file upload26.cif (mmCIF, C-alpha atoms and all ligand atoms)
data_my_file
loop_
_atom_site.group_PDB
_atom_site.id
_atom_site.type_symbol
_atom_site.label_atom_id
_atom_site.label_comp_id
_atom_site.auth_asym_id
_atom_site.auth_seq_id
_atom_site.Cartn_x
_atom_site.Cartn_y
_atom_site.Cartn_z
ATOM 1 C CA ASN U 3 0.000 0.000 0.000
ATOM 2 C CA GLU U 4 1.244 3.455 -0.807
ATOM 3 C CA ASN U 5 1.718 5.943 2.007
ATOM 4 C CA LEU U 6 -0.701 8.824 2.300
ATOM 5 C CA ILE U 7 1.244 10.320 5.179
ATOM 6 C CA GLU U 8 4.856 10.029 6.246
ATOM 7 C CA VAL U 9 5.994 11.497 9.530
ATOM 8 C CA LYS U 10 9.752 11.726 9.881
ATOM 9 C CA ASN U 11 11.549 12.564 13.140
ATOM 10 C CA LEU U 12 8.733 14.854 14.184
ATOM 11 C CA LYS U 13 9.332 17.112 17.181
ATOM 12 C CA LYS U 14 6.851 19.462 18.745
ATOM 13 C CA TYR U 15 8.200 21.362 21.732
ATOM 14 C CA PHE U 16 6.462 24.045 23.783
ATOM 15 C CA LYS U 17 8.560 26.524 25.713
ATOM 16 C CA ILE U 18 6.575 26.938 28.915
ATOM 17 C CA SER U 19 9.009 29.143 30.831
ATOM 18 C CA LYS U 20 12.566 30.421 30.582
ATOM 19 C CA HIS U 21 14.088 27.081 31.559
ATOM 20 C CA ASP U 22 11.296 24.650 30.875
ATOM 21 C CA ILE U 23 10.579 22.964 27.590
ATOM 22 C CA LEU U 24 7.694 20.580 27.221
ATOM 23 C CA LYS U 25 8.704 17.957 24.697
ATOM 24 C CA ALA U 26 5.200 16.884 23.724
ATOM 25 C CA VAL U 27 6.310 14.982 20.633
ATOM 26 C CA ASP U 28 9.960 13.989 20.476
ATOM 27 C CA ASN U 29 11.461 12.375 17.421
ATOM 28 C CA VAL U 30 8.433 10.416 16.279
ATOM 29 C CA SER U 31 8.350 8.653 12.900
ATOM 30 C CA PHE U 32 5.551 6.629 11.298
ATOM 31 C CA ASN U 33 3.604 6.373 8.090
ATOM 32 C CA ILE U 34 -0.076 6.005 7.360
ATOM 33 C CA ARG U 35 -1.008 3.929 4.340
ATOM 34 C CA LYS U 36 -3.818 4.935 2.029
ATOM 35 C CA GLY U 37 -7.129 3.483 3.231
ATOM 36 C CA GLU U 38 -5.902 2.192 6.587
ATOM 37 C CA THR U 39 -6.573 3.183 10.171
ATOM 38 C CA LEU U 40 -3.537 3.822 12.292
ATOM 39 C CA GLY U 41 -4.408 3.853 15.984
ATOM 40 C CA LEU U 42 -2.362 5.987 18.345
ATOM 41 C CA VAL U 43 -2.699 5.162 22.027
ATOM 42 C CA GLY U 44 -1.222 6.219 25.327
ATOM 43 C CA GLU U 45 -2.108 7.873 28.633
ATOM 44 C CA SER U 46 -3.121 11.515 28.714
ATOM 45 C CA GLY U 47 -0.083 13.744 28.327
ATOM 46 C CA CYS U 48 1.783 11.254 26.124
ATOM 47 C CA GLY U 49 1.623 13.585 23.119
ATOM 48 C CA LYS U 50 -0.850 11.715 20.940
ATOM 49 C CA THR U 51 -3.229 14.651 20.447
ATOM 50 C CA THR U 52 -0.372 17.101 19.811
ATOM 51 C CA CYS U 53 0.981 14.628 17.292
ATOM 52 C CA GLY U 54 -2.393 14.428 15.489
ATOM 53 C CA ARG U 55 -2.774 18.187 15.347
ATOM 54 C CA THR U 56 0.753 18.714 14.086
ATOM 55 C CA VAL U 57 0.165 16.166 11.328
ATOM 56 C CA LEU U 58 -2.865 18.236 10.264
ATOM 57 C CA GLY U 59 -0.797 21.413 10.222
ATOM 58 C CA LEU U 60 -2.785 22.942 13.107
ATOM 59 C CA TYR U 61 0.502 23.219 15.023
ATOM 60 C CA GLU U 62 3.784 24.077 13.388
ATOM 61 C CA ALA U 63 6.372 21.331 13.874
ATOM 62 C CA THR U 64 9.475 22.268 15.870
ATOM 63 C CA ASP U 65 11.540 19.919 13.729
ATOM 64 C CA GLY U 66 11.113 16.996 11.369
ATOM 65 C CA GLU U 67 8.945 16.469 8.318
ATOM 66 C CA ILE U 68 5.343 15.622 7.569
ATOM 67 C CA LEU U 69 4.703 14.489 4.017
ATOM 68 C CA PHE U 70 1.202 14.284 2.564
ATOM 69 C CA LYS U 71 1.244 12.389 -0.745
ATOM 70 C CA GLY U 72 4.984 12.910 -0.786
ATOM 71 C CA LYS U 73 4.873 16.672 -0.244
ATOM 72 C CA ASP U 74 6.157 18.479 2.857
ATOM 73 C CA ILE U 75 3.059 20.172 4.338
ATOM 74 C CA SER U 76 5.107 23.038 5.790
ATOM 75 C CA LYS U 77 6.131 24.046 2.258
ATOM 76 C CA LEU U 78 2.642 24.063 0.730
ATOM 77 C CA ARG U 79 1.416 27.447 -0.504
ATOM 78 C CA GLY U 80 -1.646 28.845 -2.281
ATOM 79 C CA ASN U 81 -3.885 26.256 -3.931
ATOM 80 C CA GLU U 82 -1.804 23.312 -2.735
ATOM 81 C CA LYS U 83 -2.181 24.463 0.848
ATOM 82 C CA LYS U 84 -5.934 24.945 0.405
ATOM 83 C CA GLU U 85 -6.217 21.483 -1.086
ATOM 84 C CA PHE U 86 -4.394 19.996 1.899
ATOM 85 C CA THR U 87 -6.548 21.780 4.500
ATOM 86 C CA LYS U 88 -9.625 20.484 2.691
ATOM 87 C CA ASN U 89 -8.228 16.980 2.325
ATOM 88 C CA ALA U 90 -7.192 16.557 5.950
ATOM 89 C CA GLN U 91 -9.971 16.967 8.512
ATOM 90 C CA ILE U 92 -10.489 16.370 12.217
ATOM 91 C CA ILE U 93 -13.216 14.939 14.425
ATOM 92 C CA PHE U 94 -12.906 16.306 17.941
ATOM 93 C CA GLN U 95 -13.183 14.533 21.247
ATOM 94 C CA ASP U 96 -15.890 16.616 22.774
ATOM 95 C CA PRO U 97 -19.077 16.830 20.722
ATOM 96 C CA TYR U 98 -20.471 19.318 23.263
ATOM 97 C CA ALA U 99 -17.715 21.902 23.045
ATOM 98 C CA SER U 100 -16.880 21.551 19.372
ATOM 99 C CA LEU U 101 -20.276 22.574 17.952
ATOM 100 C CA ASP U 102 -21.310 26.240 18.002
ATOM 101 C CA ALA U 103 -24.513 26.388 20.066
ATOM 102 C CA ARG U 104 -25.880 29.395 18.129
ATOM 103 C CA MET U 105 -25.628 27.798 14.715
ATOM 104 C CA THR U 106 -28.115 25.402 13.144
ATOM 105 C CA VAL U 107 -26.900 21.896 12.478
ATOM 106 C CA GLY U 108 -27.119 22.564 8.729
ATOM 107 C CA ASP U 109 -24.850 25.597 8.978
ATOM 108 C CA ILE U 110 -22.416 23.734 11.219
ATOM 109 C CA ILE U 111 -22.148 20.900 8.723
ATOM 110 C CA ALA U 112 -21.738 23.349 5.841
ATOM 111 C CA GLU U 113 -18.877 25.285 7.476
ATOM 112 C CA GLY U 114 -16.216 23.717 5.277
ATOM 113 C CA ILE U 115 -18.455 23.922 2.202
ATOM 114 C CA ASP U 116 -18.789 27.668 2.757
ATOM 115 C CA ILE U 117 -15.094 28.244 3.520
ATOM 116 C CA HIS U 118 -14.007 26.403 0.391
ATOM 117 C CA ASN U 119 -16.925 27.736 -1.692
ATOM 118 C CA LEU U 120 -17.903 24.264 -2.834
ATOM 119 C CA HIS U 121 -21.697 24.557 -3.138
ATOM 120 C CA THR U 122 -24.279 27.315 -2.820
ATOM 121 C CA GLY U 123 -28.080 27.589 -2.761
ATOM 122 C CA LYS U 124 -30.055 24.442 -3.481
ATOM 123 C CA GLU U 125 -26.954 22.362 -4.125
ATOM 124 C CA ARG U 126 -25.638 23.283 -0.666
ATOM 125 C CA THR U 127 -28.931 22.277 0.970
ATOM 126 C CA GLU U 128 -28.972 18.962 -0.912
ATOM 127 C CA LYS U 129 -25.407 18.294 0.201
ATOM 128 C CA ILE U 130 -26.350 18.941 3.842
ATOM 129 C CA TYR U 131 -29.254 16.459 3.560
ATOM 130 C CA GLU U 132 -26.993 13.890 1.942
ATOM 131 C CA LEU U 133 -24.426 14.262 4.739
ATOM 132 C CA LEU U 134 -27.072 13.969 7.446
ATOM 133 C CA SER U 135 -28.312 10.722 5.960
ATOM 134 C CA LEU U 136 -24.738 9.451 5.579
ATOM 135 C CA VAL U 137 -24.244 9.696 9.352
ATOM 136 C CA GLY U 138 -27.648 8.265 10.268
ATOM 137 C CA LEU U 139 -29.556 11.530 10.844
ATOM 138 C CA ASN U 140 -32.267 13.062 8.635
ATOM 139 C CA LYS U 141 -33.109 16.314 6.860
ATOM 140 C CA GLU U 142 -35.419 17.606 9.583
ATOM 141 C CA HIS U 143 -32.328 17.833 11.783
ATOM 142 C CA ALA U 144 -30.754 20.532 9.581
ATOM 143 C CA SER U 145 -32.761 23.405 11.051
ATOM 144 C CA ARG U 146 -32.297 22.366 14.685
ATOM 145 C CA PHE U 147 -29.633 23.412 17.187
ATOM 146 C CA PRO U 148 -26.904 21.287 18.850
ATOM 147 C CA HIS U 149 -28.507 21.343 22.324
ATOM 148 C CA GLU U 150 -31.487 19.386 20.963
ATOM 149 C CA PHE U 151 -29.272 16.353 20.341
ATOM 150 C CA SER U 152 -27.742 13.581 22.439
ATOM 151 C CA GLY U 153 -23.971 13.115 22.734
ATOM 152 C CA GLY U 154 -23.903 10.371 20.119
ATOM 153 C CA GLN U 155 -25.975 12.444 17.692
ATOM 154 C CA ARG U 156 -23.727 15.439 18.211
ATOM 155 C CA GLN U 157 -20.706 13.344 17.370
ATOM 156 C CA ARG U 158 -22.521 12.279 14.177
ATOM 157 C CA ILE U 159 -22.923 15.979 13.366
ATOM 158 C CA GLY U 160 -19.180 16.451 13.967
ATOM 159 C CA ILE U 161 -18.477 13.565 11.597
ATOM 160 C CA ALA U 162 -20.800 15.033 8.931
ATOM 161 C CA ARG U 163 -18.994 18.375 9.256
ATOM 162 C CA ALA U 164 -15.635 16.666 8.658
ATOM 163 C CA LEU U 165 -17.006 14.751 5.644
ATOM 164 C CA ALA U 166 -18.626 17.792 4.022
ATOM 165 C CA VAL U 167 -15.485 18.773 2.110
ATOM 166 C CA GLU U 168 -14.847 15.191 0.952
ATOM 167 C CA PRO U 169 -11.501 14.676 2.675
ATOM 168 C CA GLU U 170 -9.210 11.696 2.135
ATOM 169 C CA PHE U 171 -7.717 11.784 5.614
ATOM 170 C CA ILE U 172 -9.340 12.311 9.009
ATOM 171 C CA VAL U 173 -7.744 12.588 12.422
ATOM 172 C CA CYS U 174 -10.233 11.123 14.881
ATOM 173 C CA ASP U 175 -9.098 12.732 18.132
ATOM 174 C CA GLU U 176 -10.585 10.558 20.879
ATOM 175 C CA PRO U 177 -13.983 10.739 19.156
ATOM 176 C CA ILE U 178 -15.696 8.381 21.588
ATOM 177 C CA SER U 179 -14.090 9.164 24.965
ATOM 178 C CA ALA U 180 -16.816 11.648 25.928
ATOM 179 C CA LEU U 181 -19.676 9.293 24.988
ATOM 180 C CA ASP U 182 -21.601 6.716 26.984
ATOM 181 C CA VAL U 183 -20.144 3.250 26.619
ATOM 182 C CA SER U 184 -23.396 2.067 25.023
ATOM 183 C CA ILE U 185 -23.019 4.660 22.252
ATOM 184 C CA GLN U 186 -19.293 4.220 21.642
ATOM 185 C CA ALA U 187 -19.570 1.081 19.516
ATOM 186 C CA GLN U 188 -22.240 2.696 17.306
ATOM 187 C CA VAL U 189 -20.006 5.647 16.518
ATOM 188 C CA VAL U 190 -17.000 3.393 15.882
ATOM 189 C CA ASN U 191 -19.068 1.213 13.548
ATOM 190 C CA LEU U 192 -20.278 4.299 11.702
ATOM 191 C CA LEU U 193 -16.649 5.396 11.224
ATOM 192 C CA ILE U 194 -15.710 1.931 9.946
ATOM 193 C CA ASN U 195 -18.603 1.901 7.440
ATOM 194 C CA LEU U 196 -17.804 5.389 6.217
ATOM 195 C CA GLN U 197 -14.196 4.391 5.726
ATOM 196 C CA ARG U 198 -15.207 1.398 3.614
ATOM 197 C CA ASN U 199 -17.689 3.341 1.506
ATOM 198 C CA LEU U 200 -15.654 6.491 1.018
ATOM 199 C CA GLY U 201 -12.113 5.099 1.016
ATOM 200 C CA LEU U 202 -11.025 7.225 3.977
ATOM 201 C CA THR U 203 -7.730 7.041 5.839
ATOM 202 C CA TYR U 204 -7.819 7.543 9.608
ATOM 203 C CA LEU U 205 -5.437 8.424 12.377
ATOM 204 C CA PHE U 206 -7.476 7.238 15.360
ATOM 205 C CA ILE U 207 -6.314 8.647 18.686
ATOM 206 C CA ALA U 208 -7.526 7.052 21.908
ATOM 207 C CA HIS U 209 -6.649 5.844 25.343
ATOM 208 C CA ASP U 210 -9.271 3.113 25.201
ATOM 209 C CA LEU U 211 -7.191 0.223 23.934
ATOM 210 C CA SER U 212 -10.004 -2.217 23.281
ATOM 211 C CA MET U 213 -11.818 0.150 20.895
ATOM 212 C CA VAL U 214 -8.581 0.993 19.102
ATOM 213 C CA LYS U 215 -7.969 -2.673 18.424
ATOM 214 C CA HIS U 216 -11.409 -3.000 16.867
ATOM 215 C CA ILE U 217 -10.974 -0.149 14.397
ATOM 216 C CA SER U 218 -7.213 -0.086 13.660
ATOM 217 C CA ASP U 219 -5.137 -1.961 11.111
ATOM 218 C CA ARG U 220 -1.957 -0.949 12.922
ATOM 219 C CA VAL U 221 -1.428 0.606 16.330
ATOM 220 C CA GLY U 222 1.307 2.883 17.653
ATOM 221 C CA VAL U 223 1.884 3.272 21.390
ATOM 222 C CA MET U 224 3.140 6.578 22.727
ATOM 223 C CA TYR U 225 4.822 7.244 26.049
ATOM 224 C CA LEU U 226 5.886 10.732 27.113
ATOM 225 C CA GLY U 227 6.351 12.101 23.626
ATOM 226 C CA ASN U 228 7.968 8.999 22.157
ATOM 227 C CA LEU U 229 6.552 6.295 19.936
ATOM 228 C CA VAL U 230 7.618 3.148 21.795
ATOM 229 C CA GLU U 231 5.998 0.423 19.714
ATOM 230 C CA LEU U 232 4.249 0.064 16.361
ATOM 231 C CA ALA U 233 2.750 -3.083 14.870
ATOM 232 C CA SER U 234 -0.366 -4.513 13.254
ATOM 233 C CA SER U 235 -3.126 -4.477 15.812
ATOM 234 C CA GLY U 236 -3.311 -8.297 16.073
ATOM 235 C CA VAL U 237 0.432 -8.631 16.687
ATOM 236 C CA LEU U 238 0.549 -5.744 19.132
ATOM 237 C CA TYR U 239 -2.250 -7.167 21.263
ATOM 238 C CA ASP U 240 -1.074 -10.783 21.132
ATOM 239 C CA LYS U 241 2.633 -10.207 21.439
ATOM 240 C CA PRO U 242 3.472 -6.782 22.872
ATOM 241 C CA LEU U 243 7.240 -6.378 23.188
ATOM 242 C CA HIS U 244 7.758 -3.043 24.904
ATOM 243 C CA PRO U 245 7.452 -3.214 28.718
ATOM 244 C CA TYR U 246 5.127 -0.196 28.660
ATOM 245 C CA THR U 247 2.807 -1.740 26.052
ATOM 246 C CA GLN U 248 2.732 -4.907 28.134
ATOM 247 C CA ALA U 249 1.687 -2.924 31.205
ATOM 248 C CA LEU U 250 -0.922 -0.961 29.264
ATOM 249 C CA LEU U 251 -2.463 -4.098 27.782
ATOM 250 C CA SER U 252 -2.482 -5.933 31.072
ATOM 251 C CA ALA U 253 -4.951 -3.334 32.337
ATOM 252 C CA ILE U 254 -7.633 -4.329 29.802
ATOM 253 C CA PRO U 255 -10.115 -6.842 31.161
ATOM 254 C CA ILE U 256 -10.238 -9.890 28.919
ATOM 255 C CA PRO U 257 -13.633 -11.561 28.536
ATOM 256 C CA ASP U 258 -12.132 -15.012 27.860
ATOM 257 C CA PRO U 259 -11.444 -16.656 31.271
ATOM 258 C CA ASP U 260 -8.695 -18.915 29.861
ATOM 259 C CA VAL U 261 -6.756 -15.895 28.688
ATOM 260 C CA SER U 262 -7.174 -13.794 31.798
ATOM 261 C CA ARG U 263 -5.582 -16.530 33.865
ATOM 262 C CA THR U 264 -2.391 -16.240 31.861
ATOM 263 C CA ARG U 265 -2.283 -12.467 31.571
ATOM 264 C CA LYS U 266 -1.399 -10.884 34.886
ATOM 265 C CA ARG U 267 -2.115 -7.294 35.578
ATOM 266 C CA ILE U 268 1.114 -5.302 35.697
ATOM 267 C CA MET U 269 1.043 -2.336 38.033
ATOM 268 C CA LEU U 270 3.065 0.676 37.024
ATOM 269 C CA GLU U 271 5.168 2.054 39.841
ATOM 270 C CA GLY U 272 7.834 4.701 40.174
ATOM 271 C CA GLU U 273 7.920 8.465 39.957
ATOM 272 C CA VAL U 274 5.154 10.277 38.141
ATOM 273 C CA PRO U 275 6.599 11.002 34.716
ATOM 274 C CA SER U 276 6.650 14.419 33.076
ATOM 275 C CA PRO U 277 7.454 15.439 29.503
ATOM 276 C CA ILE U 278 9.000 18.689 30.775
ATOM 277 C CA ASN U 279 12.807 18.710 30.464
ATOM 278 C CA PRO U 280 13.004 14.915 30.227
ATOM 279 C CA LYS U 281 16.249 13.255 31.313
ATOM 280 C CA PRO U 282 18.394 11.450 28.761
ATOM 281 C CA GLY U 283 17.805 7.757 28.235
ATOM 282 C CA CYS U 284 14.558 5.811 28.030
ATOM 283 C CA ARG U 285 11.657 7.817 29.413
ATOM 284 C CA PHE U 286 10.067 4.693 30.782
ATOM 285 C CA ALA U 287 13.181 3.734 32.797
ATOM 286 C CA PRO U 288 11.958 5.059 36.201
ATOM 287 C CA ARG U 289 8.967 2.721 35.980
ATOM 288 C CA CYS U 290 10.501 -0.207 34.105
ATOM 289 C CA LYS U 291 11.329 -3.399 35.950
ATOM 290 C CA TYR U 292 13.772 -4.462 33.206
ATOM 291 C CA ALA U 293 15.782 -1.219 33.232
ATOM 292 C CA LYS U 294 19.540 -1.654 32.774
ATOM 293 C CA PRO U 295 22.286 0.984 33.253
ATOM 294 C CA ILE U 296 22.279 1.802 29.517
ATOM 295 C CA CYS U 297 18.562 2.657 29.712
ATOM 296 C CA LYS U 298 19.282 5.719 31.858
ATOM 297 C CA GLU U 299 21.991 7.007 29.506
ATOM 298 C CA VAL U 300 21.137 6.251 25.910
ATOM 299 C CA ASP U 301 17.834 7.041 24.194
ATOM 300 C CA PRO U 302 16.516 3.854 22.612
ATOM 301 C CA VAL U 303 15.495 4.244 18.959
ATOM 302 C CA LEU U 304 12.577 2.665 17.144
ATOM 303 C CA LYS U 305 13.841 -0.496 15.386
ATOM 304 C CA GLU U 306 12.117 -3.093 13.256
ATOM 305 C CA VAL U 307 12.672 -6.209 15.378
ATOM 306 C CA GLU U 308 10.564 -8.466 13.204
ATOM 307 C CA LYS U 309 8.719 -7.750 9.977
ATOM 308 C CA ASP U 310 6.453 -4.694 10.462
ATOM 309 C CA HIS U 311 6.924 -4.765 14.238
ATOM 310 C CA PHE U 312 8.842 -1.749 15.562
ATOM 311 C CA VAL U 313 10.019 -1.317 19.145
ATOM 312 C CA SER U 314 12.060 1.321 20.905
ATOM 313 C CA CYS U 315 13.720 -0.496 23.815
ATOM 314 C CA HIS U 316 17.237 -1.647 24.720
ATOM 315 C CA LEU U 317 15.958 -5.176 25.395
ATOM 316 C CA TYR U 318 15.678 -5.763 21.651
HETATM 317 FE FE1 LIG U 401 12.772 -0.655 30.099
HETATM 318 FE FE2 LIG U 401 15.226 -0.101 29.222
HETATM 319 FE FE3 LIG U 401 13.393 -0.958 27.515
HETATM 320 FE FE4 LIG U 401 13.237 1.471 28.566
HETATM 321 S S1 LIG U 401 14.828 0.730 27.205
HETATM 322 S S2 LIG U 401 11.589 0.026 28.351
HETATM 323 S S3 LIG U 401 13.994 1.125 30.619
HETATM 324 S S4 LIG U 401 14.254 -2.093 29.219
#
call {"tool": "encode", "arguments": {"input": "upload26.cif", "output": "structure tokens", "more": "lines below"}}
Ligand code: SF4
result
Amino acid sequence: NENLIEVKNLKKYFKISKHDILKAVDNVSFNIRKGETLGLVGESGCGKTTCGRTVLGLYEATDGEILFKGKDISKLRGNEKKEFTKNAQIIFQDPYASLDARMTVGDIIAEGIDIHNLHTGKERTEKIYELLSLVGLNKEHASRFPHEFSGGQRQRIGIARALAVEPEFIVCDEPISALDVSIQAQVVNLLINLQRNLGLTYLFIAHDLSMVKHISDRVGVMYLGNLVELASSGVLYDKPLHPYTQALLSAIPIPDPDVSRTRKRIMLEGEVPSPINPKPGCRFAPRCKYAKPICKEVDPVLKEVEKDHFVSCHLY
């Protein structure tokens, strides 16, 4: 599969005071193939959302490269830049905060259509109706306001808004974390169906590992600004190699009783980690039970330890 996106040695730092630098994303590399879903998981503060926003060009990268169809997004100008901002959309975590309460649902959905001048008049209205039906709502909803809808419906509106400009790539930034568990699977299934029908490519950001497994072809695990492991979702869940991934996965309840007997829950101990002025060496070292002297001195780099399975750890 050809790559739609290539991220090379991406860094996104925030200077938060004279001496303090928050290294939200530090030397992260991955690619996203056309038509696939790449999941990105990790605890809050690991840099996954910053990473997603930088890939969309919403934040300027501190260093490194982001290529969209082979072109560096920081060098796009004029029509090429417009085309990229149309082609790469986002679905936000919070369907309550991300919809303007004073706008009708139709106008919210048509935001991108209006910005990019894609349709006007009757054609615009038809497009809004088509989008509403695509996400499981109907045309009567166009004239209503966000507060009249449930959380799941609002997220459907957010999805319709992202689809309105017919993008190829969507960053789904924790799109289900704010929803009731009973609604989460419906929204994930809607995203999967839309991907199949429209040929979309997703970067799916989440901390809920079980849902990420369901939707992703491959999954990357982030820890304090670093990508520590990347593999196909089956391999990552069956055979996690990085000690942090192992700990993260051990926290998921497994419905099969035979499996849960063999998978022990690993408790993470050690000092509370911070991405501000991180020390050299592996960032997981203070909490890692396998840490060796080299781990505190040398930054591990992401290596392909078996075909399509990448790990950043001195054990491998
Ligand atoms: Fe643990 Fe060392 Fe691997 Fe880091 S590099 S995860 S400290 S073994």
call {"tool": "residues_near_ligand", "arguments": {"input": "upload26.cif", "ligand": "ligand LIG 401 (chain U)", "cutoff": "8 Å", "atoms": "all atoms listed in the file", "output": "list in words"}}
result
His244, Pro245, Tyr246, Gly283, Cys284, Arg285, Phe286, Ala287, Pro288, Arg289, Cys290, Lys291, Tyr292, Ala293, Lys294, Ile296, Cys297, Lys298, Asp301, Pro302, Ser314, Cys315, His316, Leu317 and Tyr318 of chain U
call {"tool": "residues_near_point", "arguments": {"input": "upload26.cif", "point": "(2.2, 4.0, 25.4)", "cutoff": "6 Å", "atoms": "only C-alpha atoms", "output": "VMD selection string"}}
result
chain U and resid 44 223 to 225 247
call {"tool": "atom_distance", "arguments": {"input": "upload26.cif", "atom1": "CA of Lys141 (chain U)", "atom2": "CA of Tyr204 (chain U)"}}
result
26.9 Å
call {"tool": "resolve_selection", "arguments": {"input": "upload26.cif", "expression": "the PyMOL selection byres (((chain U and resi 111) around 7) and not hetatm)", "output": "list in words"}}
result
Val107, Gly108, Asp109, Ile110, Ala112, Glu113, Ile130, Ile159, Ala162, Arg163 and Ala166 of chain U
call {"tool": "atom_distance", "arguments": {"input": "upload26.cif", "atom1": "CA of Lys124 (chain U)", "atom2": "CA of Ser145 (chain U)"}}
result
14.8 Å
call {"tool": "resolve_selection", "arguments": {"input": "upload26.cif", "expression": "the PyMOL selection byres (((chain U and resi 178) around 8) and not hetatm)", "output": "PyMOL selection string"}}
result
chain U and resi 95+176-177+179-181+186+189-190
call {"tool": "closest_residue", "arguments": {"input": "upload26.cif", "among": "U:Gly41, U:Gly154, U:Pro148, U:Pro169", "to": "Leu211 (chain U)", "atoms": "all atoms listed in the file"}}
result
U:Gly41
call {"tool": "resolve_selection", "arguments": {"input": "upload26.cif", "expression": "the PyMOL selection byres (((chain U and resi 87) around 12) and not hetatm)", "output": "count of residues only"}}
result
31
call {"tool": "residues_near_point", "arguments": {"input": "upload26.cif", "point": "(9.6, 22.8, 16.6)", "cutoff": "10 Å", "atoms": "all atoms listed in the file", "output": "PyMOL selection string"}}
result
chain U and resi 12-17+25+27-28+61-66
call {"tool": "residues_around", "arguments": {"input": "upload26.cif", "residues": "Val237 (chain U)", "least_positions_apart": "5", "cutoff": "10 Å", "atoms": "all atoms listed in the file", "output": "short mmCIF file (atom, residue, chain, number, x, y, z; two decimals) with C-alpha atoms, in the frame of the given file"}}
result
data_model
loop_
_atom_site.label_atom_id
_atom_site.label_comp_id
_atom_site.auth_asym_id
_atom_site.auth_seq_id
_atom_site.Cartn_x
_atom_site.Cartn_y
_atom_site.Cartn_z
CA ARG U 220 -1.96 -0.95 12.92
CA VAL U 221 -1.43 0.61 16.33
CA LEU U 232 4.25 0.06 16.36
CA PRO U 242 3.47 -6.78 22.87
CA LEU U 243 7.24 -6.38 23.19
CA ASP U 310 6.45 -4.69 10.46
CA HIS U 311 6.92 -4.76 14.24
#
call {"tool": "closest_residue", "arguments": {"input": "upload26.cif", "among": "U:Leu192, U:Cys53, U:Ile93, U:Val183", "to": "Leu136 (chain U)", "atoms": "only C-alpha atoms"}}
result
U:Leu192
call {"tool": "atom_distance", "arguments": {"input": "upload26.cif", "atom1": "CA of Gln155 (chain U)", "atom2": "CA of Asp182 (chain U)"}}
result
11.8 Å
call {"tool": "closest_residue", "arguments": {"input": "upload26.cif", "among": "U:Leu139, U:Leu40, U:Ala144, U:Leu101", "to": "Arg126 (chain U)", "atoms": "all atoms listed in the file"}}
result
U:Ala144
call {"tool": "residues_around", "arguments": {"input": "upload26.cif", "residues": "Leu193 (chain U)", "least_positions_apart": "6", "cutoff": "9 Å", "atoms": "all atoms listed in the file", "output": "list in words"}}
result
Val137, Ile161 and Ile217 of chain U
call {"tool": "closest_residue", "arguments": {"input": "upload26.cif", "among": "U:Ser212, U:Thr127, U:Gln197, U:Ser46", "to": "Pro275 (chain U)", "atoms": "all atoms listed in the file"}}
result
U:Ser46
call {"tool": "build_atoms", "arguments": {"input": "upload26.cif", "residues": "region 85-96 of chain U", "atoms": "N, CA and C atoms", "output": "PDB file, keeping the file's coordinate frame"}}
result
ATOM      1  N   GLU U  85      -5.848  22.861  -0.777  1.00  0.00           N
ATOM      2  CA  GLU U  85      -6.217  21.483  -1.086  1.00  0.00           C
ATOM      3  C   GLU U  85      -5.905  20.579   0.107  1.00  0.00           C
ATOM      4  N   PHE U  86      -4.758  20.814   0.738  1.00  0.00           N
ATOM      5  CA  PHE U  86      -4.394  19.996   1.899  1.00  0.00           C
ATOM      6  C   PHE U  86      -5.346  20.247   3.075  1.00  0.00           C
ATOM      7  N   THR U  87      -5.665  21.501   3.357  1.00  0.00           N
ATOM      8  CA  THR U  87      -6.548  21.780   4.500  1.00  0.00           C
ATOM      9  C   THR U  87      -7.953  21.217   4.260  1.00  0.00           C
ATOM     10  N   LYS U  88      -8.334  21.088   3.015  1.00  0.00           N
ATOM     11  CA  LYS U  88      -9.625  20.484   2.691  1.00  0.00           C
ATOM     12  C   LYS U  88      -9.533  18.949   2.825  1.00  0.00           C
ATOM     13  N   ASN U  89      -8.420  18.423   2.378  1.00  0.00           N
ATOM     14  CA  ASN U  89      -8.228  16.980   2.325  1.00  0.00           C
ATOM     15  C   ASN U  89      -8.000  16.323   3.669  1.00  0.00           C
ATOM     16  N   ALA U  90      -7.544  17.098   4.642  1.00  0.00           N
ATOM     17  CA  ALA U  90      -7.192  16.557   5.950  1.00  0.00           C
ATOM     18  C   ALA U  90      -8.078  17.213   7.009  1.00  0.00           C
ATOM     19  N   GLN U  91      -8.987  16.436   7.568  1.00  0.00           N
ATOM     20  CA  GLN U  91      -9.971  16.967   8.512  1.00  0.00           C
ATOM     21  C   GLN U  91      -9.814  16.346   9.900  1.00  0.00           C
ATOM     22  N   ILE U  92     -10.580  16.886  10.849  1.00  0.00           N
ATOM     23  CA  ILE U  92     -10.489  16.370  12.217  1.00  0.00           C
ATOM     24  C   ILE U  92     -11.881  16.166  12.818  1.00  0.00           C
ATOM     25  N   ILE U  93     -12.011  15.121  13.606  1.00  0.00           N
ATOM     26  CA  ILE U  93     -13.216  14.939  14.425  1.00  0.00           C
ATOM     27  C   ILE U  93     -12.752  15.080  15.868  1.00  0.00           C
ATOM     28  N   PHE U  94     -13.385  15.979  16.594  1.00  0.00           N
ATOM     29  CA  PHE U  94     -12.906  16.306  17.941  1.00  0.00           C
ATOM     30  C   PHE U  94     -13.457  15.353  19.002  1.00  0.00           C
ATOM     31  N   GLN U  95     -12.786  15.385  20.130  1.00  0.00           N
ATOM     32  CA  GLN U  95     -13.183  14.533  21.247  1.00  0.00           C
ATOM     33  C   GLN U  95     -14.549  14.909  21.802  1.00  0.00           C
ATOM     34  N   ASP U  96     -14.734  16.205  21.999  1.00  0.00           N
ATOM     35  CA  ASP U  96     -15.890  16.616  22.774  1.00  0.00           C
ATOM     36  C   ASP U  96     -17.001  17.169  21.883  1.00  0.00           C
TER      37      ASP U  96
END
